[in-house]
$ cat query_25.cif   # mmCIF, C-alpha atoms
data_start
#
loop_
_atom_site.group_PDB
_atom_site.id
_atom_site.type_symbol
_atom_site.label_atom_id
_atom_site.label_comp_id
_atom_site.auth_asym_id
_atom_site.auth_seq_id
_atom_site.Cartn_x
_atom_site.Cartn_y
_atom_site.Cartn_z
ATOM 1 C CA LEU A 1 58.316 57.120 120.230
ATOM 2 C CA THR A 2 56.475 58.030 123.373
ATOM 3 C CA GLN A 3 56.753 61.742 124.162
ATOM 4 C CA SER A 4 59.111 62.308 127.091
ATOM 5 C CA SER A 5 60.318 65.767 128.008
ATOM 6 C CA ALA A 6 62.741 64.323 130.573
ATOM 7 C CA GLU A 7 64.354 62.082 127.943
ATOM 8 C CA ALA A 8 64.512 65.037 125.545
ATOM 9 C CA MET A 9 66.332 67.066 128.218
ATOM 10 C CA LYS A 10 68.820 64.241 128.690
ATOM 11 C CA LEU A 11 69.547 63.848 124.968
ATOM 12 C CA PHE A 12 69.705 67.617 124.346
ATOM 13 C CA SER A 13 72.174 67.924 127.240
ATOM 14 C CA GLN A 14 74.428 65.257 125.734
ATOM 15 C CA ALA A 15 74.317 66.914 122.327
ATOM 16 C CA ALA A 16 74.935 70.369 123.843
ATOM 17 C CA GLU A 17 78.064 69.083 125.574
ATOM 18 C CA GLN A 18 79.354 68.058 122.137
ATOM 19 C CA GLY A 19 78.810 71.598 120.785
ATOM 20 C CA ASN A 20 75.498 71.194 118.971
ATOM 21 C CA GLN A 21 73.932 74.665 118.707
ATOM 22 C CA GLU A 22 70.367 73.458 118.069
ATOM 23 C CA ALA A 23 70.563 71.344 121.223
ATOM 24 C CA ARG A 24 71.747 74.345 123.239
ATOM 25 C CA PHE A 25 68.898 76.447 121.857
ATOM 26 C CA ASN A 26 66.345 73.736 122.652
ATOM 27 C CA LEU A 27 67.674 73.378 126.196
ATOM 28 C CA GLY A 28 67.212 77.109 126.682
ATOM 29 C CA ALA A 29 63.650 76.871 125.360
ATOM 30 C CA LEU A 30 62.809 74.008 127.718
ATOM 31 C CA TYR A 31 64.156 75.922 130.711
ATOM 32 C CA VAL A 32 62.027 78.942 129.739
ATOM 33 C CA VAL A 33 58.719 77.025 129.723
ATOM 34 C CA GLY A 34 59.718 74.517 132.417
ATOM 35 C CA GLN A 35 59.087 71.467 130.261
ATOM 36 C CA GLY A 36 60.904 68.348 131.450
ATOM 37 C CA THR A 37 62.468 70.412 134.211
ATOM 38 C CA SER A 38 61.651 73.318 136.497
ATOM 39 C CA LYS A 39 61.668 76.848 135.078
ATOM 40 C CA ASP A 40 65.108 78.413 135.279
ATOM 41 C CA TYR A 41 65.563 81.670 133.362
ATOM 42 C CA ALA A 42 69.226 81.931 134.351
ATOM 43 C CA LYS A 43 70.026 78.570 132.734
ATOM 44 C CA ALA A 44 67.894 79.521 129.729
ATOM 45 C CA ILE A 45 69.985 82.648 129.231
ATOM 46 C CA TYR A 46 73.153 80.572 129.614
ATOM 47 C CA TYR A 47 72.192 78.136 126.836
ATOM 48 C CA PHE A 48 70.756 80.854 124.577
ATOM 49 C CA THR A 49 74.033 82.754 124.959
ATOM 50 C CA LEU A 50 76.094 79.695 124.008
ATOM 51 C CA ALA A 51 73.997 79.230 120.876
ATOM 52 C CA ALA A 52 73.938 82.950 120.048
ATOM 53 C CA ASN A 53 77.737 83.131 120.226
ATOM 54 C CA ARG A 54 77.773 80.640 117.362
ATOM 55 C CA GLY A 55 75.363 82.725 115.300
ATOM 56 C CA HIS A 56 72.021 81.088 116.169
ATOM 57 C CA MET A 57 69.415 83.643 115.078
ATOM 58 C CA LEU A 58 66.501 82.477 117.257
ATOM 59 C CA ALA A 59 68.784 82.350 120.288
ATOM 60 C CA LEU A 60 69.750 85.983 119.665
ATOM 61 C CA TYR A 61 66.094 86.955 119.363
ATOM 62 C CA ASN A 62 65.141 85.102 122.551
ATOM 63 C CA LEU A 63 67.981 86.794 124.443
ATOM 64 C CA ALA A 64 66.647 90.140 123.252
ATOM 65 C CA MET A 65 63.160 89.326 124.513
ATOM 66 C CA MET A 66 64.445 88.127 127.898
ATOM 67 C CA HIS A 67 66.467 91.319 128.382
ATOM 68 C CA LEU A 68 63.519 93.406 127.224
ATOM 69 C CA ASN A 69 61.114 91.784 129.716
ATOM 70 C CA GLY A 70 63.586 91.168 132.539
ATOM 71 C CA PHE A 71 63.399 87.362 132.592
ATOM 72 C CA GLY A 72 66.414 85.934 134.422
ATOM 73 C CA THR A 73 68.283 89.216 134.169
ATOM 74 C CA PRO A 74 67.682 92.881 135.054
ATOM 75 C CA ARG A 75 65.488 94.537 132.462
ATOM 76 C CA SER A 76 67.619 96.409 129.931
ATOM 77 C CA CYS A 77 66.269 98.039 126.799
ATOM 78 C CA VAL A 78 69.832 98.862 125.751
ATOM 79 C CA ASN A 79 70.917 95.203 125.791
ATOM 80 C CA ALA A 80 67.702 94.126 124.101
ATOM 81 C CA LEU A 81 68.286 96.682 121.365
ATOM 82 C CA GLN A 82 71.810 95.377 120.763
ATOM 83 C CA PHE A 83 70.574 91.803 120.383
ATOM 84 C CA LEU A 84 67.725 92.832 118.071
ATOM 85 C CA LYS A 85 70.172 94.884 116.033
ATOM 86 C CA SER A 86 72.383 91.803 115.671
ATOM 87 C CA VAL A 87 69.384 89.844 114.408
ATOM 88 C CA ALA A 88 68.461 92.558 111.904
ATOM 89 C CA GLU A 89 72.014 92.846 110.586
ATOM 90 C CA ARG A 90 72.109 89.118 109.768
ATOM 91 C CA GLY A 91 69.504 89.551 107.036
ATOM 92 C CA SER A 92 70.249 88.972 103.359
ATOM 93 C CA TRP A 93 70.948 92.690 102.905
ATOM 94 C CA GLY A 94 74.018 92.245 105.100
ATOM 95 C CA SER A 95 75.775 90.464 102.222
ATOM 96 C CA GLN A 96 76.391 93.924 100.743
ATOM 97 C CA LEU A 97 79.145 94.405 103.329
ATOM 98 C CA GLN A 98 81.084 91.506 101.802
ATOM 99 C CA LYS A 99 80.701 92.975 98.316
ATOM 100 C CA SER A 100 81.916 96.361 99.565
ATOM 101 C CA TYR A 101 84.912 94.713 101.217
ATOM 102 C CA LYS A 102 85.892 92.888 98.014
ATOM 103 C CA LEU A 103 85.553 96.053 95.924
ATOM 104 C CA TYR A 104 87.815 97.956 98.319
ATOM 105 C CA HIS A 105 90.569 95.337 98.098
ATOM 106 C CA GLN A 106 90.228 95.273 94.308
ATOM 107 C CA GLY A 107 91.145 98.974 94.299
ATOM 108 C CA LYS A 108 87.614 100.150 93.459
ATOM 109 C CA VAL A 109 87.511 102.520 96.420
ATOM 110 C CA ASP A 110 84.755 104.853 95.196
ATOM 111 C CA GLN A 111 82.384 101.975 94.389
ATOM 112 C CA SER A 112 83.132 100.405 97.734
ATOM 113 C CA LEU A 113 82.446 103.727 99.468
ATOM 114 C CA MET A 114 79.025 104.069 97.820
ATOM 115 C CA MET A 115 77.975 100.589 98.935
ATOM 116 C CA TYR A 116 79.354 101.083 102.450
ATOM 117 C CA THR A 117 77.495 104.398 102.669
ATOM 118 C CA GLU A 118 74.213 102.679 101.820
ATOM 119 C CA SER A 119 74.812 100.085 104.546
ATOM 120 C CA ALA A 120 75.890 102.794 107.003
ATOM 121 C CA GLU A 121 72.592 104.606 106.500
ATOM 122 C CA LEU A 122 70.830 101.359 107.426
ATOM 123 C CA GLY A 123 72.662 101.475 110.755
ATOM 124 C CA TYR A 124 75.482 98.967 110.215
ATOM 125 C CA GLU A 125 78.250 100.027 112.604
ATOM 126 C CA VAL A 126 80.945 98.216 110.608
ATOM 127 C CA ALA A 127 79.897 100.104 107.479
ATOM 128 C CA GLN A 128 79.920 103.417 109.340
ATOM 129 C CA GLY A 129 83.460 102.767 110.549
ATOM 130 C CA ASN A 130 84.613 101.790 107.059
ATOM 131 C CA VAL A 131 83.042 104.886 105.489
ATOM 132 C CA ALA A 132 84.918 107.015 108.009
ATOM 133 C CA HIS A 133 88.162 105.146 107.299
ATOM 134 C CA ILE A 134 87.859 105.612 103.513
ATOM 135 C CA TYR A 135 87.189 109.345 103.860
ATOM 136 C CA ASP A 136 90.060 109.575 106.331
ATOM 137 C CA GLU A 137 92.510 107.975 103.866
ATOM 138 C CA GLU A 138 91.647 110.459 101.044
ATOM 139 C CA LYS A 139 92.861 108.042 98.372
ATOM 140 C CA THR A 140 90.606 109.286 95.576
ATOM 141 C CA GLU A 141 89.283 112.591 94.263
ATOM 142 C CA MET A 142 85.869 111.649 95.618
ATOM 143 C CA THR A 143 87.193 111.451 99.189
ATOM 144 C CA ALA A 144 89.896 114.139 99.124
ATOM 145 C CA GLY A 145 89.362 117.093 101.466
ATOM 146 C CA LYS A 146 86.266 115.632 103.125
ATOM 147 C CA LYS A 147 87.467 115.052 106.668
ATOM 148 C CA ASN A 148 84.169 116.465 107.918
ATOM 149 C CA ARG A 149 82.359 113.458 106.435
ATOM 150 C CA ALA A 150 84.870 111.138 108.055
ATOM 151 C CA LEU A 151 84.193 112.813 111.402
ATOM 152 C CA ALA A 152 80.412 112.435 110.980
ATOM 153 C CA ALA A 153 80.799 108.730 110.176
ATOM 154 C CA TYR A 154 83.141 108.194 113.127
ATOM 155 C CA GLU A 155 80.581 109.842 115.408
ATOM 156 C CA SER A 156 77.831 107.517 114.158
ATOM 157 C CA SER A 157 80.098 104.518 114.707
ATOM 158 C CA ALA A 158 81.118 105.690 118.179
ATOM 159 C CA GLN A 159 77.474 106.001 119.210
ATOM 160 C CA GLN A 160 77.216 102.247 118.663
ATOM 161 C CA GLY A 161 80.163 101.493 120.938
ATOM 162 C CA ASN A 162 83.137 101.556 118.557
ATOM 163 C CA VAL A 163 86.073 102.451 120.844
ATOM 164 C CA ALA A 164 88.489 103.000 117.950
ATOM 165 C CA ALA A 165 86.050 105.563 116.531
ATOM 166 C CA GLU A 166 86.006 107.405 119.883
ATOM 167 C CA LEU A 167 89.787 107.626 119.715
ATOM 168 C CA LYS A 168 89.730 108.960 116.145
ATOM 169 C CA ILE A 169 87.136 111.603 117.047
ATOM 170 C CA GLY A 170 89.451 112.753 119.834
ATOM 171 C CA ASP A 171 92.279 113.021 117.283
ATOM 172 C CA TYR A 172 90.072 115.016 114.915
ATOM 173 C CA TYR A 173 89.193 117.575 117.595
ATOM 174 C CA TYR A 174 92.787 117.689 118.858
ATOM 175 C CA TYR A 175 94.307 118.409 115.438
ATOM 176 C CA GLY A 176 91.330 120.275 113.965
ATOM 177 C CA LEU A 177 90.602 117.782 111.159
ATOM 178 C CA GLY A 178 87.235 118.421 109.534
ATOM 179 C CA THR A 179 86.355 120.768 112.383
ATOM 180 C CA ASP A 180 87.834 123.477 114.591
ATOM 181 C CA VAL A 181 90.425 122.575 117.208
ATOM 182 C CA ASN A 182 88.612 121.846 120.463
ATOM 183 C CA TYR A 183 90.763 120.375 123.208
ATOM 184 C CA ARG A 184 87.886 119.969 125.642
ATOM 185 C CA LYS A 185 85.962 117.774 123.202
ATOM 186 C CA ALA A 186 89.159 115.860 122.467
ATOM 187 C CA VAL A 187 89.545 115.181 126.187
ATOM 188 C CA ALA A 188 85.921 114.013 126.442
ATOM 189 C CA HIS A 189 86.325 111.475 123.628
ATOM 190 C CA TYR A 190 89.740 110.295 124.827
ATOM 191 C CA ARG A 191 88.236 109.770 128.276
ATOM 192 C CA ALA A 192 85.350 107.738 126.816
ATOM 193 C CA ALA A 193 87.845 105.541 124.937
ATOM 194 C CA SER A 194 90.081 105.171 128.008
ATOM 195 C CA GLU A 195 87.114 103.956 130.061
ATOM 196 C CA ALA A 196 86.834 101.149 127.490
ATOM 197 C CA ARG A 197 90.486 100.215 128.230
ATOM 198 C CA ASN A 198 92.074 101.821 125.158
ATOM 199 C CA ALA A 199 95.791 102.297 125.899
ATOM 200 C CA GLN A 200 96.335 104.993 123.243
ATOM 201 C CA ALA A 201 93.539 107.102 124.718
ATOM 202 C CA MET A 202 95.092 106.741 128.191
ATOM 203 C CA PHE A 203 98.469 107.837 126.810
ATOM 204 C CA ASN A 204 96.886 110.859 125.101
ATOM 205 C CA LEU A 205 95.126 111.896 128.319
ATOM 206 C CA ALA A 206 98.408 111.560 130.211
ATOM 207 C CA TYR A 207 100.150 113.827 127.686
ATOM 208 C CA MET A 208 97.380 116.420 127.907
ATOM 209 C CA HIS A 209 97.472 116.358 131.719
ATOM 210 C CA GLU A 210 101.262 116.736 131.619
ATOM 211 C CA HIS A 211 101.169 119.800 129.366
ATOM 212 C CA GLY A 212 97.886 121.298 130.557
ATOM 213 C CA ILE A 213 96.168 120.997 127.169
ATOM 214 C CA GLY A 214 92.393 121.313 127.448
ATOM 215 C CA MET A 215 92.581 120.939 131.225
ATOM 216 C CA THR A 216 94.512 122.095 134.265
ATOM 217 C CA ARG A 217 98.086 120.833 134.326
ATOM 218 C CA ASP A 218 98.421 117.942 136.768
ATOM 219 C CA LEU A 219 101.623 115.888 136.740
ATOM 220 C CA HIS A 220 100.282 113.344 139.241
ATOM 221 C CA LEU A 221 97.263 112.560 137.046
ATOM 222 C CA ALA A 222 99.586 112.427 134.048
ATOM 223 C CA LYS A 223 101.651 109.747 135.780
ATOM 224 C CA ARG A 224 98.515 107.816 136.701
ATOM 225 C CA PHE A 225 97.324 107.692 133.081
ATOM 226 C CA TYR A 226 100.823 106.764 131.843
ATOM 227 C CA ASP A 227 100.810 103.874 134.347
ATOM 228 C CA MET A 228 97.352 102.767 133.202
ATOM 229 C CA ALA A 229 98.453 102.781 129.554
ATOM 230 C CA ALA A 230 101.495 100.619 130.350
ATOM 231 C CA GLU A 231 99.343 98.168 132.340
ATOM 232 C CA THR A 232 96.764 97.928 129.548
ATOM 233 C CA SER A 233 99.072 97.279 126.590
ATOM 234 C CA GLN A 234 102.588 95.884 126.259
ATOM 235 C CA ASP A 235 103.122 98.105 123.202
ATOM 236 C CA ALA A 236 102.903 101.156 125.458
ATOM 237 C CA VAL A 237 105.607 100.050 127.912
ATOM 238 C CA TRP A 238 108.630 101.685 126.254
ATOM 239 C CA PRO A 239 106.958 104.958 125.173
ATOM 240 C CA VAL A 240 105.517 105.260 128.687
ATOM 241 C CA ALA A 241 108.930 104.541 130.250
ATOM 242 C CA LEU A 242 110.440 107.478 128.335
ATOM 243 C CA CYS A 243 107.587 109.793 129.271
ATOM 244 C CA ARG A 244 107.745 108.757 132.929
ATOM 245 C CA ALA A 245 111.489 109.469 132.977
ATOM 246 C CA LYS A 246 110.828 112.933 131.595
ATOM 247 C CA LEU A 247 107.984 113.407 134.073
ATOM 248 C CA TRP A 248 110.233 112.346 136.951
ATOM 249 C CA GLY A 249 112.796 114.946 135.884
ATOM 250 C CA ILE A 250 110.159 117.692 135.744
ATOM 251 C CA MET A 251 108.748 116.760 139.142
ATOM 252 C CA THR A 252 112.245 116.606 140.667
ATOM 253 C CA VAL A 253 113.118 120.061 139.323
ATOM 254 C CA ARG A 254 109.803 121.440 140.585
ATOM 255 C CA GLU A 255 110.352 120.019 144.077
ATOM 256 C CA SER A 256 113.925 121.363 144.094
ATOM 257 C CA ILE A 257 112.697 124.828 143.167
ATOM 258 C CA GLU A 258 110.108 124.668 145.962
ATOM 259 C CA LEU A 259 112.850 123.749 148.469
ATOM 260 C CA ILE A 260 115.046 126.612 147.228
ATOM 261 C CA ASP A 261 112.154 129.066 147.535
ATOM 262 C CA THR A 262 111.439 127.877 151.078
ATOM 263 C CA ALA A 263 115.114 128.235 152.068
ATOM 264 C CA THR A 264 115.538 131.696 150.482
ATOM 265 C CA LEU A 265 112.360 132.938 152.171
ATOM 266 C CA LYS A 266 113.572 131.773 155.591
ATOM 267 C CA ILE A 267 117.012 133.369 155.069
ATOM 268 C CA THR A 268 115.475 136.642 153.883
ATOM 269 C CA GLN A 269 113.071 136.777 156.835
ATOM 270 C CA LYS A 270 115.756 135.897 159.385
ATOM 271 C CA TYR A 271 118.748 137.931 158.178
ATOM 272 C CA GLY A 272 117.170 140.471 155.838
ATOM 273 C CA PRO A 273 116.257 143.158 158.397
ATOM 274 C CA GLN A 274 119.622 142.873 160.178
ATOM 275 C CA TYR A 275 122.062 142.573 157.273
ATOM 276 C CA GLY A 276 120.002 143.881 154.366
ATOM 277 C CA ILE A 277 119.950 140.494 152.643
ATOM 278 C CA TRP A 278 117.289 139.811 150.030
ATOM 279 C CA LEU A 279 117.339 136.603 148.039
ATOM 280 C CA PRO A 280 115.045 136.617 145.005
ATOM 281 C CA PRO A 281 112.344 133.914 144.713
ATOM 282 C CA SER A 282 112.067 131.599 141.713
ATOM 283 C CA THR A 283 109.448 133.888 140.145
ATOM 284 C CA VAL A 284 112.291 136.377 139.645
ATOM 285 C CA TRP A 285 115.338 134.298 138.725
ATOM 286 C CA ILE A 286 113.637 131.658 136.549
ATOM 287 C CA PRO A 287 112.339 134.253 134.014
ATOM 288 C CA TRP A 288 115.820 135.846 134.095
ATOM 289 C CA LEU A 289 117.392 132.454 133.305
ATOM 290 C CA ASN A 290 114.930 131.916 130.472
ATOM 291 C CA GLU A 291 115.861 135.252 128.934
ATOM 292 C CA ASN A 292 119.619 135.032 129.541
ATOM 293 C CA TRP A 293 120.332 131.316 129.310
ATOM 294 C CA ASP A 294 122.809 131.928 126.468
ATOM 295 C CA LEU A 295 124.877 134.351 128.589
ATOM 296 C CA LEU A 296 124.779 131.919 131.491
ATOM 297 C CA LEU A 297 125.918 129.071 129.241
ATOM 298 C CA ILE A 298 128.794 131.170 127.862
ATOM 299 C CA GLY A 299 129.818 132.101 131.406
ATOM 300 C CA LEU A 300 129.813 128.439 132.487
ATOM 301 C CA LEU A 301 131.893 127.432 129.452
ATOM 302 C CA VAL A 302 134.407 130.242 130.099
ATOM 303 C CA ALA A 303 134.629 129.256 133.775
ATOM 304 C CA HIS A 304 135.188 125.648 132.788
ATOM 305 C CA PHE A 305 137.884 126.663 130.310
ATOM 306 C CA LEU A 306 139.694 128.813 132.900
ATOM 307 C CA PHE A 307 139.506 125.990 135.443
ATOM 308 C CA VAL A 308 141.022 123.504 132.989
ATOM 309 C CA LEU A 309 143.709 126.026 132.031
ATOM 310 C CA ALA A 310 144.613 126.689 135.687
ATOM 311 C CA LEU A 311 144.678 122.946 136.421
ATOM 312 C CA ARG A 312 147.057 122.278 133.527
ATOM 313 C CA GLN A 313 149.290 125.135 134.628
ATOM 314 C CA HIS A 314 149.380 123.693 138.148
ATOM 315 C CA LEU A 315 150.244 120.206 136.892
ATOM 316 C CA SER A 316 152.996 121.581 134.651
ATOM 317 C CA THR A 317 154.530 123.441 137.615
ATOM 318 C CA GLU A 318 154.459 120.270 139.722
ATOM 319 C CA ARG A 319 156.340 118.341 137.034
ATOM 320 C CA LEU A 320 159.104 121.009 136.742
ATOM 321 C CA ARG A 321 159.676 121.293 140.535
ATOM 322 C CA PRO A 322 163.000 119.570 141.523
ATOM 323 C CA VAL A 323 162.793 116.516 143.715
ATOM 324 C CA ASN A 324 165.021 116.518 146.844
ATOM 325 C CA ARG A 325 166.757 113.203 147.308
ATOM 326 C CA ARG A 326 168.494 112.080 150.471
ATOM 327 C CA LEU A 327 171.799 110.264 150.248
#

$ encode --input "query_25.cif" --output "C-alpha cells"
Amino acid sequence: LTQSSAEAMKLFSQAAEQGNQEARFNLGALYVVGQGTSKDYAKAIYYFTLAANRGHMLALYNLAMMHLNGFGTPRSCVNALQFLKSVAERGSWGSQLQKSYKLYHQGKVDQSLMMYTESAELGYEVAQGNVAHIYDEEKTEMTAGKKNRALAAYESSAQQGNVAAELKIGDYYYYGLGTDVNYRKAVAHYRAASEARNAQAMFNLAYMHEHGIGMTRDLHLAKRFYDMAAETSQDAVWPVALCRAKLWGIMTVRESIELIDTATLKITQKYGPQYGIWLPPSTVWIPWLNENWDLLLIGLLVAHFLFVLALRQHLSTERLRPVNRRL
C-alpha cells in the first residue's frame, strides 16, 4: 500500500467511532505531530482521554506528558502526577491487590492486611483505604485496639483524594478514636469532604453549627448545610427534614424571646419611673425556668385540674337548674 496519512486518518476515525481504543490512541498521536492533519493538541487530548478511560496505558502516559508540558491544556504537575501514578499502578505488582481482596473475603483477614499494607507502602490509594478499613473493623487480635493505625492509613488515603477517608478522619477526631478529641480538626476534615459534595459531611457540619461544636453557634449556617445535604443526596432528605423542623422551632423560640425582651424593655422604660414597674429580661427568667421547671409544670397541672373541676361543677349546676315552660 502507498503510505497516506490522510487515508490513515479517515480509517482511524471510522474505527474510533466504533469504539476501537487503538484507533483513538492513534488519532491522538496524529493530531499531536500534525501528520495527515493540522496540529491540534485539544483534539489529541480528547482522543487520548477516550482511550485512557478504557485503560490504554500509552494514552495515559501521553496525557501525563501533555499536562506536564502544557500542550493543549494549562500546565499542571498535579494532573500529570495523577496520570503517571495511574500508569505505575497498572504494573504487574498491582495484581497483589486482587490477591489481598480474595484473602479478605475468604476470612483470612490478617494475611490480607499484610498484603494490603505492602501495597499501601508502595502508594496504592485503594490499599491504603483498605488497610484503614481493616484496622477500623478490629475483627482480629492483630487489629484490635489499633485505631491509631487506621487513622494514619485514612490520612494517607485522604491525601490522594479519597473523600470517604476525609469523612472518616473527621469522625475519628470528633469521637477521639485513635487520637484525642479535636473538634476543630474534625470540622476541617468535614469541610474538605463537603467541598467534594459528600452529603454526610455536610450534615455533620450542619449539626456542629447548630450546637456550636468546634465553632461559633450559627443556626443560619446550620440550615444552609442541612439544605445542601438534602440537595446532594436523596438519602438525606428525611433526616434533614426532621433536623430542619427542630431548627425552625429553636429559631422561632429565639425570635419570640427577642420580641418579649424588646416589649418588656419598652414597658419598663416607659412606665417604670412612674409606677415602679420592672419586668425582668430573658436573662433573668429563663435561668429561673430552667431551675424550677418542675414547680412550673406542677403549677400548670394543678391549674388545669382546677379549671376542669370548676367546668364540671358549672355544667352540673346547669343541668340541675329547672326549665321555665310557658303554657

$ residues_around --input "query_25.cif" --residues "Ala230 (chain A)" --least-positions-apart "4" --cutoff "9 Å" --atoms "only C-alpha atoms" --output "MDAnalysis selection string"
chainID A and resid 199 203 225:226 234:241

$ resolve_selection --input "query_25.cif" --expression "the PyMOL selection byres ((chain A and resi 143-148) around 12)" --output "number ranges by chain"
A: 109-114, 131-142, 149-155, 168-169, 171-173, 175-180

$ axis_aligned_box --input "query_25.cif" --around "region 64-72 of chain A" --padding-each-side "6 Å" --output "AutoDock Vina command-line options"
--center_x 63.9 --center_y 89.7 --center_z 128.8 --size_x 17.5 --size_y 19.5 --size_z 23.2

$ residues_near_point --input "query_25.cif" --point "(91.0, 108.1, 128.8)" --cutoff "12 Å" --atoms "all atoms listed in the file" --output "ChimeraX atom specification"
/A:163,166-167,170,186-209,221-222,224-226,228-229,232

$ closest_residue --input "query_25.cif" --among "A:Tyr31, A:Phe25, A:Phe305, A:Tyr104" --to "Phe48 (chain A)" --atoms "only C-alpha atoms"
A:Phe25

$ atom_distance --input "query_25.cif" --atom1 "CA of Met115 (chain A)" --atom2 "CA of Gln96 (chain A)"
7.1 Å

$ residues_around --input "query_25.cif" --residues "Arg90 (chain A)" --least-positions-apart "2" --cutoff "12 Å" --atoms "all atoms listed in the file" --output "compact mmCIF listing (two decimals) with C-alpha atoms, keeping the file's coordinate frame"
# COMPACT_ATOMS: atom_id res chain seq x y z
CA GLY A 55 75.36 82.72 115.30
CA HIS A 56 72.02 81.09 116.17
CA MET A 57 69.42 83.64 115.08
CA LEU A 58 66.50 82.48 117.26
CA LEU A 60 69.75 85.98 119.66
CA TYR A 61 66.09 86.96 119.36
CA PHE A 83 70.57 91.80 120.38
CA LEU A 84 67.72 92.83 118.07
CA LYS A 85 70.17 94.88 116.03
CA SER A 86 72.38 91.80 115.67
CA VAL A 87 69.38 89.84 114.41
CA ALA A 88 68.46 92.56 111.90
CA SER A 92 70.25 88.97 103.36
CA TRP A 93 70.95 92.69 102.90
CA GLY A 94 74.02 92.24 105.10
CA SER A 95 75.78 90.46 102.22
CA GLN A 96 76.39 93.92 100.74
CA LEU A 97 79.14 94.40 103.33
CA TYR A 124 75.48 98.97 110.22

$ residues_near_point --input "query_25.cif" --point "(79.9, 104.3, 114.4)" --cutoff "6 Å" --atoms "all atoms listed in the file" --output "list in words"
Glu125, Gln128, Gly129, Tyr154, Glu155, Ser156, Ser157, Ala158, Gln159, Gln160 and Asn162 of chain A

$ atom_distance --input "query_25.cif" --atom1 "CA of Asp261 (chain A)" --atom2 "CA of Pro273 (chain A)"
18.3 Å

$ decode --input "query_25.cif" --residues "region 253-258 of chain A" --atoms "all heavy atoms" --output "PDB file, in the first residue's frame"
ATOM      1  N   VAL A 253     -38.556  30.088  68.734  1.00  0.00           N
ATOM      2  CA  VAL A 253     -38.488  30.402  70.169  1.00  0.00           C
ATOM      3  C   VAL A 253     -37.530  31.559  70.416  1.00  0.00           C
ATOM      4  O   VAL A 253     -37.820  32.480  71.193  1.00  0.00           O
ATOM      5  CB  VAL A 253     -38.066  29.155  70.972  1.00  0.00           C
ATOM      6  CG1 VAL A 253     -37.748  29.528  72.418  1.00  0.00           C
ATOM      7  CG2 VAL A 253     -39.152  28.096  70.925  1.00  0.00           C
ATOM      8  N   ARG A 254     -36.382  31.522  69.727  1.00  0.00           N
ATOM      9  CA  ARG A 254     -35.389  32.596  69.910  1.00  0.00           C
ATOM     10  C   ARG A 254     -35.961  33.949  69.485  1.00  0.00           C
ATOM     11  O   ARG A 254     -35.798  34.950  70.188  1.00  0.00           O
ATOM     12  CB  ARG A 254     -34.131  32.277  69.107  1.00  0.00           C
ATOM     13  CG  ARG A 254     -33.105  33.389  69.137  1.00  0.00           C
ATOM     14  CD  ARG A 254     -31.903  33.068  68.301  1.00  0.00           C
ATOM     15  NE  ARG A 254     -31.007  32.128  68.965  1.00  0.00           N
ATOM     16  CZ  ARG A 254     -29.807  31.788  68.494  1.00  0.00           C
ATOM     17  NH1 ARG A 254     -29.381  32.312  67.359  1.00  0.00           N
ATOM     18  NH2 ARG A 254     -29.053  30.944  69.148  1.00  0.00           N
ATOM     19  N   GLU A 255     -36.631  33.978  68.328  1.00  0.00           N
ATOM     20  CA  GLU A 255     -37.226  35.234  67.863  1.00  0.00           C
ATOM     21  C   GLU A 255     -38.332  35.715  68.798  1.00  0.00           C
ATOM     22  O   GLU A 255     -38.470  36.923  69.036  1.00  0.00           O
ATOM     23  CB  GLU A 255     -37.775  35.043  66.444  1.00  0.00           C
ATOM     24  CG  GLU A 255     -36.680  34.871  65.396  1.00  0.00           C
ATOM     25  CD  GLU A 255     -37.237  34.510  64.031  1.00  0.00           C
ATOM     26  OE1 GLU A 255     -38.485  34.419  63.919  1.00  0.00           O
ATOM     27  OE2 GLU A 255     -36.448  34.313  63.091  1.00  0.00           O
ATOM     28  N   SER A 256     -39.098  34.755  69.356  1.00  0.00           N
ATOM     29  CA  SER A 256     -40.161  35.124  70.302  1.00  0.00           C
ATOM     30  C   SER A 256     -39.573  35.739  71.565  1.00  0.00           C
ATOM     31  O   SER A 256     -40.095  36.736  72.091  1.00  0.00           O
ATOM     32  CB  SER A 256     -40.999  33.888  70.655  1.00  0.00           C
ATOM     33  OG  SER A 256     -41.604  33.343  69.500  1.00  0.00           O
ATOM     34  N   ILE A 257     -38.482  35.146  72.036  1.00  0.00           N
ATOM     35  CA  ILE A 257     -37.828  35.676  73.239  1.00  0.00           C
ATOM     36  C   ILE A 257     -37.298  37.080  72.976  1.00  0.00           C
ATOM     37  O   ILE A 257     -37.400  37.982  73.832  1.00  0.00           O
ATOM     38  CB  ILE A 257     -36.698  34.731  73.694  1.00  0.00           C
ATOM     39  CG1 ILE A 257     -37.295  33.422  74.226  1.00  0.00           C
ATOM     40  CG2 ILE A 257     -35.832  35.387  74.765  1.00  0.00           C
ATOM     41  CD1 ILE A 257     -36.260  32.365  74.553  1.00  0.00           C
ATOM     42  N   GLU A 258     -36.735  37.295  71.774  1.00  0.00           N
ATOM     43  CA  GLU A 258     -36.233  38.629  71.429  1.00  0.00           C
ATOM     44  C   GLU A 258     -37.371  39.657  71.396  1.00  0.00           C
ATOM     45  O   GLU A 258     -37.212  40.793  71.864  1.00  0.00           O
ATOM     46  CB  GLU A 258     -35.529  38.575  70.077  1.00  0.00           C
ATOM     47  CG  GLU A 258     -34.197  37.831  70.114  1.00  0.00           C
ATOM     48  CD  GLU A 258     -33.560  37.721  68.737  1.00  0.00           C
ATOM     49  OE1 GLU A 258     -34.205  38.172  67.762  1.00  0.00           O
ATOM     50  OE2 GLU A 258     -32.440  37.184  68.639  1.00  0.00           O
TER      51      GLU A 258
END
